[in-house]
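**Q** Next up is a structure, given as structure tokens.
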Amino acid sequence: AQPLLNIKLTTPAPIYGEANITSTPTMADVFVDDVLMGQTPLFLPKVLIGNHNVTIKREGYGFYSTIINISENKTIELSSVLNNDEEIDIQDEEVKIICLEKWDFNKDGKFSKKEAEEVVSLERLFSLNRKVENLEVLKYFKQLKRLNDKEFYLCTSLEKIEFPNSLEVIGDSAFAECRNIKDIIIPPSVYHIGSGIITDCSSLRQIDIPASIIRLKSISIPNGTKVVFRGDVSFAISHIFVMPSSLIMVPKKYLKHYKSHPKFKNWKKQINGY
């Protein structure tokens, strides 16, 4: 009789390669074969050889998907650019119509964050438009540096607006006669404000003026409006007129300075510190 052979099979050792994965912007989730491995930039020192599905995505951006082939003891470099092509949910129908007519660059019937970031001028497209109510979409216009003179003049239905942090200049009468606007928060990127920007803004509750301002040509504060200066910008103001029921708020450390400043001498009873 033949002797019995005792054969012991061993499990083959896995063979690995490496993957170095980057993206623009960073902090994007990396999925390998549908398993979340981490966020970019990501180095994976032990990836089984062979083909793998890789998906890179970040909230608010598009995604990138591809197949990589891992070889033994080799490093594959994978770099991706995630387009900010998420569609913007524009609440105002009139604003949506204008955005699609003017800035839907790829003509897909959608206005995306990527398209908004390519806009450098509003070209007074909203001026004299009495239907526009909500311009919070402007916060996505990240290359917008200037609001033209009378940019929103006589937008009598406008109630809400939000600006990108790229904004630097606000032209004369930019919001004049926007009689329903409630709050205007000017971002700290702005250094120049033209004259009469809130003339006849009769429903305005508050306007914030950042400390970054180096020139404010003239401003008339409507009745019932609170103007909040976020720093000492008294030197920047050419002329100010304050209605009797208006309020001026300044940082406490500048309170005495504002009250004694010649430009504010007629309004010192309306100046308060915060």
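Within each chain, counting starts at residue 1; across the structure tokens, chains are named A, B, ... in the order shown, with ligands numbered 1 upward in that order.
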Out of segment 124-217 of chain A, which residues get strand (DSSP E or B) from DSSP, as a list of chain:residue names?
**A**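 Secondary structure check on segment 124-217 of chain A, strand (DSSP E or B): A:Asn134, A:Leu135, A:Arg146, A:Leu147, A:Lys160, A:Ile161, A:Val169, A:Ile170, A:Asp183, A:Ile184, A:Ile185, A:His192, A:Ile193, A:Gln206, A:Ile207, A:Asp208, A:Ile209, A:Arg215, A:Leu216.
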**Q** Please produce an output containing N, CA and C atoms for each residue in the selection, written as a PDB file, in the first residue's frame.
**A**
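Full text of result_22.pdb as output:
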ATOM      1  N   ASN A 134     -35.011  88.450  -2.940  1.00  0.00           N
ATOM      2  CA  ASN A 134     -33.976  87.760  -2.176  1.00  0.00           C
ATOM      3  C   ASN A 134     -32.708  87.620  -3.023  1.00  0.00           C
ATOM      4  N   LEU A 135     -31.618  88.249  -2.555  1.00  0.00           N
ATOM      5  CA  LEU A 135     -30.342  88.170  -3.263  1.00  0.00           C
ATOM      6  C   LEU A 135     -29.260  87.520  -2.401  1.00  0.00           C
ATOM      7  N   ARG A 146     -16.765  94.404  -6.840  1.00  0.00           N
ATOM      8  CA  ARG A 146     -17.338  95.750  -6.868  1.00  0.00           C
ATOM      9  C   ARG A 146     -18.840  95.702  -7.132  1.00  0.00           C
ATOM     10  N   LEU A 147     -19.586  96.510  -6.368  1.00  0.00           N
ATOM     11  CA  LEU A 147     -20.975  96.800  -6.693  1.00  0.00           C
ATOM     12  C   LEU A 147     -21.002  98.155  -7.382  1.00  0.00           C
ATOM     13  N   LYS A 160     -33.771  90.687   1.352  1.00  0.00           N
ATOM     14  CA  LYS A 160     -32.595  89.989   1.872  1.00  0.00           C
ATOM     15  C   LYS A 160     -31.463  90.045   0.864  1.00  0.00           C
ATOM     16  N   ILE A 161     -30.247  90.218   1.385  1.00  0.00           N
ATOM     17  CA  ILE A 161     -29.069  90.230   0.530  1.00  0.00           C
ATOM     18  C   ILE A 161     -27.880  89.734   1.335  1.00  0.00           C
ATOM     19  N   VAL A 169     -15.542  97.136  -3.012  1.00  0.00           N
ATOM     20  CA  VAL A 169     -16.042  98.482  -3.281  1.00  0.00           C
ATOM     21  C   VAL A 169     -17.557  98.450  -3.450  1.00  0.00           C
ATOM     22  N   ILE A 170     -18.244  99.393  -2.805  1.00  0.00           N
ATOM     23  CA  ILE A 170     -19.685  99.570  -2.986  1.00  0.00           C
ATOM     24  C   ILE A 170     -19.907 100.962  -3.569  1.00  0.00           C
ATOM     25  N   ASP A 183     -31.827  94.318   6.539  1.00  0.00           N
ATOM     26  CA  ASP A 183     -30.487  94.323   7.121  1.00  0.00           C
ATOM     27  C   ASP A 183     -29.440  94.309   6.013  1.00  0.00           C
ATOM     28  N   ILE A 184     -28.371  95.074   6.208  1.00  0.00           N
ATOM     29  CA  ILE A 184     -27.242  95.076   5.284  1.00  0.00           C
ATOM     30  C   ILE A 184     -25.981  94.861   6.107  1.00  0.00           C
ATOM     31  N   ILE A 185     -25.355  93.707   5.929  1.00  0.00           N
ATOM     32  CA  ILE A 185     -24.121  93.375   6.648  1.00  0.00           C
ATOM     33  C   ILE A 185     -22.985  93.442   5.638  1.00  0.00           C
ATOM     34  N   HIS A 192     -14.105 100.583   0.534  1.00  0.00           N
ATOM     35  CA  HIS A 192     -14.645 101.837  -0.016  1.00  0.00           C
ATOM     36  C   HIS A 192     -16.166 101.735  -0.131  1.00  0.00           C
ATOM     37  N   ILE A 193     -16.844 102.750   0.400  1.00  0.00           N
ATOM     38  CA  ILE A 193     -18.301 102.841   0.283  1.00  0.00           C
ATOM     39  C   ILE A 193     -18.644 104.198  -0.310  1.00  0.00           C
ATOM     40  N   GLN A 206     -30.903  97.620  10.310  1.00  0.00           N
ATOM     41  CA  GLN A 206     -29.499  97.695  10.723  1.00  0.00           C
ATOM     42  C   GLN A 206     -28.589  97.630   9.514  1.00  0.00           C
ATOM     43  N   ILE A 207     -27.502  98.396   9.567  1.00  0.00           N
ATOM     44  CA  ILE A 207     -26.417  98.276   8.605  1.00  0.00           C
ATOM     45  C   ILE A 207     -25.113  98.187   9.377  1.00  0.00           C
ATOM     46  N   ASP A 208     -24.292  97.203   9.039  1.00  0.00           N
ATOM     47  CA  ASP A 208     -22.990  97.013   9.681  1.00  0.00           C
ATOM     48  C   ASP A 208     -21.895  97.584   8.789  1.00  0.00           C
ATOM     49  N   ILE A 209     -21.071  98.461   9.352  1.00  0.00           N
ATOM     50  CA  ILE A 209     -19.945  99.054   8.636  1.00  0.00           C
ATOM     51  C   ILE A 209     -18.662  98.463   9.211  1.00  0.00           C
ATOM     52  N   ARG A 215     -12.621 104.643   3.202  1.00  0.00           N
ATOM     53  CA  ARG A 215     -13.353 105.796   2.686  1.00  0.00           C
ATOM     54  C   ARG A 215     -14.843 105.500   2.631  1.00  0.00           C
ATOM     55  N   LEU A 216     -15.615 106.404   3.240  1.00  0.00           N
ATOM     56  CA  LEU A 216     -17.063 106.371   3.155  1.00  0.00           C
ATOM     57  C   LEU A 216     -17.490 107.793   2.788  1.00  0.00           C
TER      58      LEU A 216
END
**Q** Tell me, as a list in words, which residues lie within 9 Å of segment 64-74 of chain A, counting only C-alpha atoms; anything in the same chain fewer than 6 positions away does not count.
**A**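 Near segment 64-74 of chain A, the qualifying residues are Ile15, Tyr16, Gly17, Glu18, Ala19, Val47, Leu48, Ile49, Gly50, Asn51, His52, Asn53, Val54, Thr55, Ile56, Lys57, Ser80, Val81 and Leu82 of chain A.
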**Q** Those selected residues, please, written with all heavy atoms and delivered as a CSV table (one decimal), in the first residue's frame.
**A**
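Ended up saving to selection_19.csv:
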chain,number,residue,atom,x,y,z
A,15,ILE,N,0.0,40.5,-1.5
A,15,ILE,CA,1.0,41.3,-2.1
A,15,ILE,C,0.4,42.7,-2.2
A,15,ILE,O,-0.7,42.9,-2.7
A,15,ILE,CB,1.4,40.8,-3.5
A,15,ILE,CG1,1.9,39.3,-3.4
A,15,ILE,CG2,2.5,41.6,-4.2
A,15,ILE,CD1,2.2,38.6,-4.7
A,16,TYR,N,1.2,43.7,-1.8
A,16,TYR,CA,0.7,45.1,-1.7
A,16,TYR,C,1.5,46.0,-2.6
A,16,TYR,O,2.7,45.8,-2.9
A,16,TYR,CB,0.8,45.6,-0.3
A,16,TYR,CG,-0.1,44.8,0.7
A,16,TYR,CD1,0.5,43.9,1.6
A,16,TYR,CD2,-1.4,44.9,0.7
A,16,TYR,CE1,-0.2,43.3,2.6
A,16,TYR,CE2,-2.2,44.2,1.6
A,16,TYR,CZ,-1.6,43.4,2.6
A,16,TYR,OH,-2.4,42.7,3.5
A,17,GLY,N,0.8,47.1,-2.9
A,17,GLY,CA,1.5,48.3,-3.4
A,17,GLY,C,1.0,49.5,-2.6
A,17,GLY,O,0.3,49.3,-1.6
A,18,GLU,N,1.3,50.7,-3.1
A,18,GLU,CA,0.9,51.9,-2.4
A,18,GLU,C,0.2,52.8,-3.3
A,18,GLU,O,0.3,52.8,-4.5
A,18,GLU,CB,2.2,52.6,-1.9
A,18,GLU,CG,3.0,51.8,-0.9
A,18,GLU,CD,4.4,52.4,-0.6
A,18,GLU,OE1,4.8,53.4,-1.3
A,18,GLU,OE2,5.0,52.0,0.4
A,19,ALA,N,-0.6,53.7,-2.6
A,19,ALA,CA,-1.3,54.8,-3.4
A,19,ALA,C,-1.2,56.1,-2.6
A,19,ALA,O,-1.4,56.1,-1.4
A,19,ALA,CB,-2.8,54.4,-3.6
A,47,VAL,N,-2.1,48.5,-0.2
A,47,VAL,CA,-3.3,48.3,-1.1
A,47,VAL,C,-3.0,47.0,-1.9
A,47,VAL,O,-1.9,46.9,-2.5
A,47,VAL,CB,-3.5,49.5,-2.0
A,47,VAL,CG1,-4.8,49.2,-2.8
A,47,VAL,CG2,-3.6,50.8,-1.3
A,48,LEU,N,-3.9,46.1,-1.8
A,48,LEU,CA,-3.7,44.8,-2.6
A,48,LEU,C,-3.5,45.1,-4.1
A,48,LEU,O,-4.1,46.0,-4.6
A,48,LEU,CB,-4.9,43.9,-2.4
A,48,LEU,CG,-5.0,43.2,-1.0
A,48,LEU,CD1,-6.4,42.5,-0.9
A,48,LEU,CD2,-3.9,42.2,-0.9
A,49,ILE,N,-2.6,44.3,-4.7
A,49,ILE,CA,-2.3,44.5,-6.1
A,49,ILE,C,-3.6,44.2,-6.9
A,49,ILE,O,-4.5,43.4,-6.4
A,49,ILE,CB,-1.2,43.6,-6.6
A,49,ILE,CG1,-1.5,42.1,-6.4
A,49,ILE,CG2,0.1,44.0,-5.9
A,49,ILE,CD1,-0.5,41.2,-7.0
A,50,GLY,N,-3.7,44.8,-8.0
A,50,GLY,CA,-4.9,44.6,-8.9
A,50,GLY,C,-5.7,45.9,-9.1
A,50,GLY,O,-5.2,47.0,-8.7
A,51,ASN,N,-6.8,45.8,-9.7
A,51,ASN,CA,-7.7,46.9,-10.0
A,51,ASN,C,-8.6,47.3,-8.8
A,51,ASN,O,-9.1,46.4,-8.1
A,51,ASN,CB,-8.5,46.7,-11.2
A,51,ASN,CG,-7.7,46.6,-12.5
A,51,ASN,OD1,-6.6,47.2,-12.6
A,51,ASN,ND2,-8.2,45.9,-13.5
A,52,HIS,N,-8.7,48.6,-8.6
A,52,HIS,CA,-9.6,49.1,-7.5
A,52,HIS,C,-10.3,50.3,-8.0
A,52,HIS,O,-9.8,51.2,-8.7
A,52,HIS,CB,-8.8,49.4,-6.3
A,52,HIS,CG,-8.0,48.3,-5.6
A,52,HIS,ND1,-8.6,47.4,-4.7
A,52,HIS,CD2,-6.7,47.9,-5.8
A,52,HIS,CE1,-7.7,46.5,-4.4
A,52,HIS,NE2,-6.6,46.8,-5.0
A,53,ASN,N,-11.6,50.4,-7.6
A,53,ASN,CA,-12.4,51.5,-7.9
A,53,ASN,C,-12.2,52.6,-6.8
A,53,ASN,O,-12.3,52.3,-5.6
A,53,ASN,CB,-13.9,51.2,-7.9
A,53,ASN,CG,-14.3,50.3,-9.0
A,53,ASN,OD1,-14.0,50.6,-10.2
A,53,ASN,ND2,-14.9,49.2,-8.7
A,54,VAL,N,-11.8,53.8,-7.2
A,54,VAL,CA,-11.6,54.9,-6.3
A,54,VAL,C,-12.5,56.1,-6.6
A,54,VAL,O,-12.7,56.5,-7.8
A,54,VAL,CB,-10.1,55.4,-6.4
A,54,VAL,CG1,-9.9,56.6,-5.5
A,54,VAL,CG2,-9.1,54.3,-6.1
A,55,THR,N,-13.2,56.6,-5.6
A,55,THR,CA,-14.1,57.7,-5.7
A,55,THR,C,-13.7,58.8,-4.7
A,55,THR,O,-13.4,58.4,-3.5
A,55,THR,CB,-15.5,57.3,-5.5
A,55,THR,OG1,-15.9,56.4,-6.4
A,55,THR,CG2,-16.4,58.5,-5.6
A,56,ILE,N,-13.5,60.0,-5.2
A,56,ILE,CA,-13.1,61.1,-4.3
A,56,ILE,C,-14.3,62.1,-4.4
A,56,ILE,O,-14.7,62.6,-5.5
A,56,ILE,CB,-11.8,61.7,-4.8
A,56,ILE,CG1,-10.7,60.7,-4.9
A,56,ILE,CG2,-11.4,62.9,-3.9
A,56,ILE,CD1,-9.5,61.1,-5.6
A,57,LYS,N,-14.8,62.5,-3.2
A,57,LYS,CA,-15.9,63.5,-3.2
A,57,LYS,C,-15.8,64.3,-2.0
A,57,LYS,O,-15.4,63.9,-0.9
A,57,LYS,CB,-17.2,62.8,-3.4
A,57,LYS,CG,-17.6,61.8,-2.3
A,57,LYS,CD,-18.9,61.1,-2.7
A,57,LYS,CE,-19.3,60.0,-1.7
A,57,LYS,NZ,-20.5,59.3,-2.1
A,80,SER,N,-6.7,64.7,-8.3
A,80,SER,CA,-8.0,65.1,-8.9
A,80,SER,C,-8.4,66.5,-8.5
A,80,SER,O,-8.0,67.0,-7.5
A,80,SER,CB,-9.1,64.1,-8.4
A,80,SER,OG,-9.3,64.3,-7.0
A,81,VAL,N,-9.2,67.1,-9.4
A,81,VAL,CA,-9.7,68.5,-9.2
A,81,VAL,C,-11.2,68.3,-9.1
A,81,VAL,O,-11.8,67.8,-10.1
A,81,VAL,CB,-9.3,69.4,-10.3
A,81,VAL,CG1,-10.0,70.8,-10.1
A,81,VAL,CG2,-7.8,69.6,-10.3
A,82,LEU,N,-11.8,68.7,-8.0
A,82,LEU,CA,-13.3,68.6,-7.8
A,82,LEU,C,-13.9,69.9,-8.2
A,82,LEU,O,-13.6,70.9,-7.5
A,82,LEU,CB,-13.6,68.2,-6.4
A,82,LEU,CG,-12.9,67.0,-5.8
A,82,LEU,CD1,-13.3,66.7,-4.4
A,82,LEU,CD2,-13.2,65.8,-6.7
**Q** Quick one: residues within 8 Å of Lys131 of chain A, only C-alpha atoms counted, chain neighbours fewer than 6 positions away excluded, as a list in words?
**A**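 Once the nearby chain positions are removed, what remains is Glu94, Cys155, Thr156, Ser157 and Leu158 of chain A.
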**Q** With C-alpha atoms kept, could you save the residues just selected as a PDB file, in the first residue's frame?
**A**
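Contents of selection_34.pdb, as written:
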ATOM      1  CA  GLU A  94     -36.922  86.466 -10.641  1.00  0.00           C
ATOM      2  CA  CYS A 155     -35.339  97.270  -6.050  1.00  0.00           C
ATOM      3  CA  THR A 156     -38.360  98.124  -3.959  1.00  0.00           C
ATOM      4  CA  SER A 157     -39.249  94.497  -3.129  1.00  0.00           C
ATOM      5  CA  LEU A 158     -35.723  93.473  -2.080  1.00  0.00           C
TER       6      LEU A 158
END
**Q** Could you state the separation of atom CA of Ile248 of chain A and atom CA of Ala176 of chain A in Å, given to one decimal place?
**A**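 Atom CA of Ala176 of chain A lies 19.8 Å from atom CA of Ile248 of chain A.
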**Q** Rounded to one decimal place, report the atom CA of Lys114 of chain A-atom CA of Asp34 of chain A distance in Å.
**A**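 Between atom CA of Lys114 of chain A and atom CA of Asp34 of chain A the gap works out to 26.9 Å.
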**Q** At a cut-off of 7 Å, can you tabulate as a Markdown table every residue of segment 187-230 of chain A near segment 239-247 of chain A together with its closest atom pair and the distance in Å to one decimal, using only C-alpha atoms and ordering rows by chain then number?
**A**
| residue | atom | partner | partner_atom | distance |
| --- | --- | --- | --- | --- |
| A:Lys217 | CA | A:His239 | CA | 6.6 |
| A:Ser218 | CA | A:His239 | CA | 4.5 |
| A:Ile219 | CA | A:Ile240 | CA | 5.0 |
| A:Ser220 | CA | A:Phe241 | CA | 4.6 |
| A:Ile221 | CA | A:Val242 | CA | 4.8 |
| A:Pro222 | CA | A:Met243 | CA | 5.7 |
| A:Asn223 | CA | A:Ser246 | CA | 5.1 |
| A:Gly224 | CA | A:Ser246 | CA | 4.8 |
| A:Thr225 | CA | A:Ser246 | CA | 5.0 |
| A:Lys226 | CA | A:Leu247 | CA | 4.6 |
| A:Val227 | CA | A:Leu247 | CA | 6.3 |
**Q** Would you save the residues of that selection, restricted to all heavy atoms, as an mmCIF file, in the first residue's frame?
**A**
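Result saved to selection-v6.cif:
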data_model
loop_
_atom_site.group_PDB
_atom_site.id
_atom_site.type_symbol
_atom_site.label_atom_id
_atom_site.label_comp_id
_atom_site.auth_asym_id
_atom_site.auth_seq_id
_atom_site.Cartn_x
_atom_site.Cartn_y
_atom_site.Cartn_z
ATOM 1 N N LYS A 217 -17.917 107.973 1.542
ATOM 2 C CA LYS A 217 -18.089 109.319 0.998
ATOM 3 C C LYS A 217 -19.134 110.120 1.763
ATOM 4 O O LYS A 217 -18.887 111.236 2.196
ATOM 5 C CB LYS A 217 -18.431 109.235 -0.486
ATOM 6 C CG LYS A 217 -17.238 108.775 -1.326
ATOM 7 C CD LYS A 217 -17.631 108.388 -2.744
ATOM 8 C CE LYS A 217 -18.047 109.562 -3.578
ATOM 9 N NZ LYS A 217 -18.293 109.172 -4.987
ATOM 10 N N SER A 218 -20.304 109.574 1.930
ATOM 11 C CA SER A 218 -21.339 110.218 2.746
ATOM 12 C C SER A 218 -22.447 109.205 2.986
ATOM 13 O O SER A 218 -22.681 108.316 2.155
ATOM 14 C CB SER A 218 -21.905 111.467 2.055
ATOM 15 O OG SER A 218 -22.663 111.119 0.918
ATOM 16 N N ILE A 219 -23.094 109.352 4.129
ATOM 17 C CA ILE A 219 -24.158 108.407 4.458
ATOM 18 C C ILE A 219 -25.234 109.129 5.249
ATOM 19 O O ILE A 219 -24.950 109.938 6.133
ATOM 20 C CB ILE A 219 -23.604 107.201 5.251
ATOM 21 C CG1 ILE A 219 -24.690 106.127 5.427
ATOM 22 C CG2 ILE A 219 -23.000 107.627 6.570
ATOM 23 C CD1 ILE A 219 -24.139 104.802 5.916
ATOM 24 N N SER A 220 -26.475 108.858 4.890
ATOM 25 C CA SER A 220 -27.632 109.396 5.604
ATOM 26 C C SER A 220 -28.380 108.229 6.220
ATOM 27 O O SER A 220 -28.835 107.323 5.504
ATOM 28 C CB SER A 220 -28.541 110.172 4.633
ATOM 29 O OG SER A 220 -29.672 110.671 5.300
ATOM 30 N N ILE A 221 -28.483 108.217 7.547
ATOM 31 C CA ILE A 221 -29.085 107.102 8.260
ATOM 32 C C ILE A 221 -30.594 107.334 8.392
ATOM 33 O O ILE A 221 -31.019 108.307 9.013
ATOM 34 C CB ILE A 221 -28.464 106.933 9.661
ATOM 35 C CG1 ILE A 221 -26.926 106.961 9.587
ATOM 36 C CG2 ILE A 221 -28.961 105.648 10.301
ATOM 37 C CD1 ILE A 221 -26.337 105.897 8.704
ATOM 38 N N PRO A 222 -31.426 106.463 7.820
ATOM 39 C CA PRO A 222 -32.876 106.655 7.878
ATOM 40 C C PRO A 222 -33.413 106.536 9.302
ATOM 41 O O PRO A 222 -32.770 105.980 10.192
ATOM 42 C CB PRO A 222 -33.420 105.521 6.993
ATOM 43 C CG PRO A 222 -32.256 105.041 6.193
ATOM 44 C CD PRO A 222 -31.057 105.273 7.039
ATOM 45 N N ASN A 223 -34.603 107.056 9.512
ATOM 46 C CA ASN A 223 -35.293 106.927 10.796
ATOM 47 C C ASN A 223 -35.445 105.456 11.177
ATOM 48 O O ASN A 223 -35.801 104.621 10.346
ATOM 49 C CB ASN A 223 -36.676 107.576 10.732
ATOM 50 C CG ASN A 223 -36.667 108.984 11.306
ATOM 51 O OD1 ASN A 223 -36.001 109.250 12.293
ATOM 52 N ND2 ASN A 223 -37.424 109.881 10.689
ATOM 53 N N GLY A 224 -35.166 105.159 12.445
ATOM 54 C CA GLY A 224 -35.367 103.803 12.943
ATOM 55 C C GLY A 224 -34.262 102.828 12.611
ATOM 56 O O GLY A 224 -34.342 101.651 12.956
ATOM 57 N N THR A 225 -33.215 103.296 11.946
ATOM 58 C CA THR A 225 -32.118 102.413 11.541
ATOM 59 C C THR A 225 -30.971 102.478 12.539
ATOM 60 O O THR A 225 -30.622 103.550 13.045
ATOM 61 C CB THR A 225 -31.595 102.799 10.140
ATOM 62 O OG1 THR A 225 -32.640 102.636 9.191
ATOM 63 C CG2 THR A 225 -30.416 101.923 9.735
ATOM 64 N N LYS A 226 -30.404 101.321 12.830
ATOM 65 C CA LYS A 226 -29.205 101.238 13.670
ATOM 66 C C LYS A 226 -27.994 101.016 12.778
ATOM 67 O O LYS A 226 -27.955 100.053 12.005
ATOM 68 C CB LYS A 226 -29.344 100.096 14.674
ATOM 69 C CG LYS A 226 -28.118 99.917 15.573
ATOM 70 C CD LYS A 226 -28.402 98.955 16.718
ATOM 71 C CE LYS A 226 -28.665 97.552 16.252
ATOM 72 N NZ LYS A 226 -28.844 96.607 17.379
ATOM 73 N N VAL A 227 -27.022 101.924 12.857
ATOM 74 C CA VAL A 227 -25.772 101.729 12.121
ATOM 75 C C VAL A 227 -24.715 101.274 13.122
ATOM 76 O O VAL A 227 -24.529 101.891 14.175
ATOM 77 C CB VAL A 227 -25.331 103.009 11.376
ATOM 78 C CG1 VAL A 227 -25.189 104.200 12.314
ATOM 79 C CG2 VAL A 227 -24.027 102.763 10.627
#
**Q** Using only C-alpha atoms, can you tell me which of A:Lys139, A:Lys113, A:Arg58, A:Lys8 comes closest to Ile88 of chain A?
**A**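 Nearest candidate to Ile88 of chain A out of A:Lys139, A:Lys113, A:Arg58, A:Lys8: A:Lys113.
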**Q** Neighbours of Ala116 of chain A within 6 Å (only C-alpha atoms; same-chain residues fewer than 3 positions away dropped), as a VMD selection string?
**A** chain A and resid 113 119 140 to 141
**Q** I need the residues from that last selection saved to file as a PDB file, in the first residue's frame (with all heavy atoms), if you can.
**A**
ATOM      1  N   LYS A 113     -22.560  76.616  -8.442  1.00  0.00           N
ATOM      2  CA  LYS A 113     -21.603  77.388  -7.664  1.00  0.00           C
ATOM      3  C   LYS A 113     -20.374  77.716  -8.511  1.00  0.00           C
ATOM      4  O   LYS A 113     -19.802  78.805  -8.387  1.00  0.00           O
ATOM      5  CB  LYS A 113     -21.201  76.618  -6.408  1.00  0.00           C
ATOM      6  CG  LYS A 113     -22.319  76.491  -5.391  1.00  0.00           C
ATOM      7  CD  LYS A 113     -21.873  75.729  -4.154  1.00  0.00           C
ATOM      8  CE  LYS A 113     -23.002  75.615  -3.132  1.00  0.00           C
ATOM      9  NZ  LYS A 113     -22.597  74.848  -1.940  1.00  0.00           N
ATOM     10  N   VAL A 119     -18.412  84.880 -12.142  1.00  0.00           N
ATOM     11  CA  VAL A 119     -19.021  86.191 -12.369  1.00  0.00           C
ATOM     12  C   VAL A 119     -18.173  87.272 -11.707  1.00  0.00           C
ATOM     13  O   VAL A 119     -17.870  87.194 -10.525  1.00  0.00           O
ATOM     14  CB  VAL A 119     -20.461  86.237 -11.814  1.00  0.00           C
ATOM     15  CG1 VAL A 119     -21.069  87.626 -12.021  1.00  0.00           C
ATOM     16  CG2 VAL A 119     -21.322  85.174 -12.480  1.00  0.00           C
ATOM     17  N   TYR A 140     -22.276  83.430  -3.266  1.00  0.00           N
ATOM     18  CA  TYR A 140     -21.526  82.462  -4.071  1.00  0.00           C
ATOM     19  C   TYR A 140     -20.701  83.129  -5.177  1.00  0.00           C
ATOM     20  O   TYR A 140     -19.913  82.462  -5.837  1.00  0.00           O
ATOM     21  CB  TYR A 140     -22.474  81.441  -4.703  1.00  0.00           C
ATOM     22  CG  TYR A 140     -23.234  80.611  -3.696  1.00  0.00           C
ATOM     23  CD1 TYR A 140     -24.597  80.795  -3.508  1.00  0.00           C
ATOM     24  CD2 TYR A 140     -22.585  79.656  -2.926  1.00  0.00           C
ATOM     25  CE1 TYR A 140     -25.304  80.038  -2.584  1.00  0.00           C
ATOM     26  CE2 TYR A 140     -23.278  78.895  -1.993  1.00  0.00           C
ATOM     27  CZ  TYR A 140     -24.641  79.088  -1.826  1.00  0.00           C
ATOM     28  OH  TYR A 140     -25.329  78.340  -0.911  1.00  0.00           O
ATOM     29  N   PHE A 141     -20.850  84.436  -5.359  1.00  0.00           N
ATOM     30  CA  PHE A 141     -20.144  85.152  -6.429  1.00  0.00           C
ATOM     31  C   PHE A 141     -18.759  85.548  -5.908  1.00  0.00           C
ATOM     32  O   PHE A 141     -18.479  86.709  -5.626  1.00  0.00           O
ATOM     33  CB  PHE A 141     -20.939  86.387  -6.857  1.00  0.00           C
ATOM     34  CG  PHE A 141     -22.202  86.082  -7.618  1.00  0.00           C
ATOM     35  CD1 PHE A 141     -23.135  85.177  -7.148  1.00  0.00           C
ATOM     36  CD2 PHE A 141     -22.468  86.722  -8.820  1.00  0.00           C
ATOM     37  CE1 PHE A 141     -24.301  84.900  -7.850  1.00  0.00           C
ATOM     38  CE2 PHE A 141     -23.622  86.462  -9.539  1.00  0.00           C
ATOM     39  CZ  PHE A 141     -24.541  85.545  -9.053  1.00  0.00           C
TER      40      PHE A 141
END
**Q** Mind giving me the straight-line distance from atom CA of Ser195 of chain A to atom CA of His257 of chain A in Å, one decimal?
**A** 23.3 Å
**Q** For the structure I just gave you, how does DSSP split segment 85-255 of chain A - specifically, which residues are alpha helix (DSSP H)? Reply as a list of chain:residue names.
**A**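 So the alpha helix (DSSP H) residues in segment 85-255 of chain A would be A:Glu93, A:Glu94, A:Val95, A:Lys96, A:Ile97, A:Ile98, A:Cys99, A:Leu100, A:Glu101, A:Lys102, A:Trp103, A:Lys113, A:Lys114, A:Glu115, A:Ala116, A:Leu255.
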**Q** So which one's closest to Ser238 of chain A, A:Lys145, A:Arg130, A:Lys96, A:Lys263? Using only C-alpha atoms, please.
**A**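 Comparing A:Lys145, A:Arg130, A:Lys96, A:Lys263 against Ser238 of chain A, the winner is A:Lys263.
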**Q** If we count only C-alpha atoms and set the cut-off at 9 Å, which residues sit around Lys252 of chain A, ignoring sequence neighbours fewer than 4 positions away in its own chain? Please answer as a PDB file with C-alpha atoms, in the first residue's frame.
**A**
ATOM      1  CA  LYS A 256     -15.583 108.905  23.754  1.00  0.00           C
ATOM      2  CA  ASN A 272     -23.949 104.174  22.203  1.00  0.00           C
ATOM      3  CA  GLY A 273     -21.202 101.696  22.974  1.00  0.00           C
ATOM      4  CA  TYR A 274     -21.299  97.911  22.690  1.00  0.00           C
TER       5      TYR A 274
END
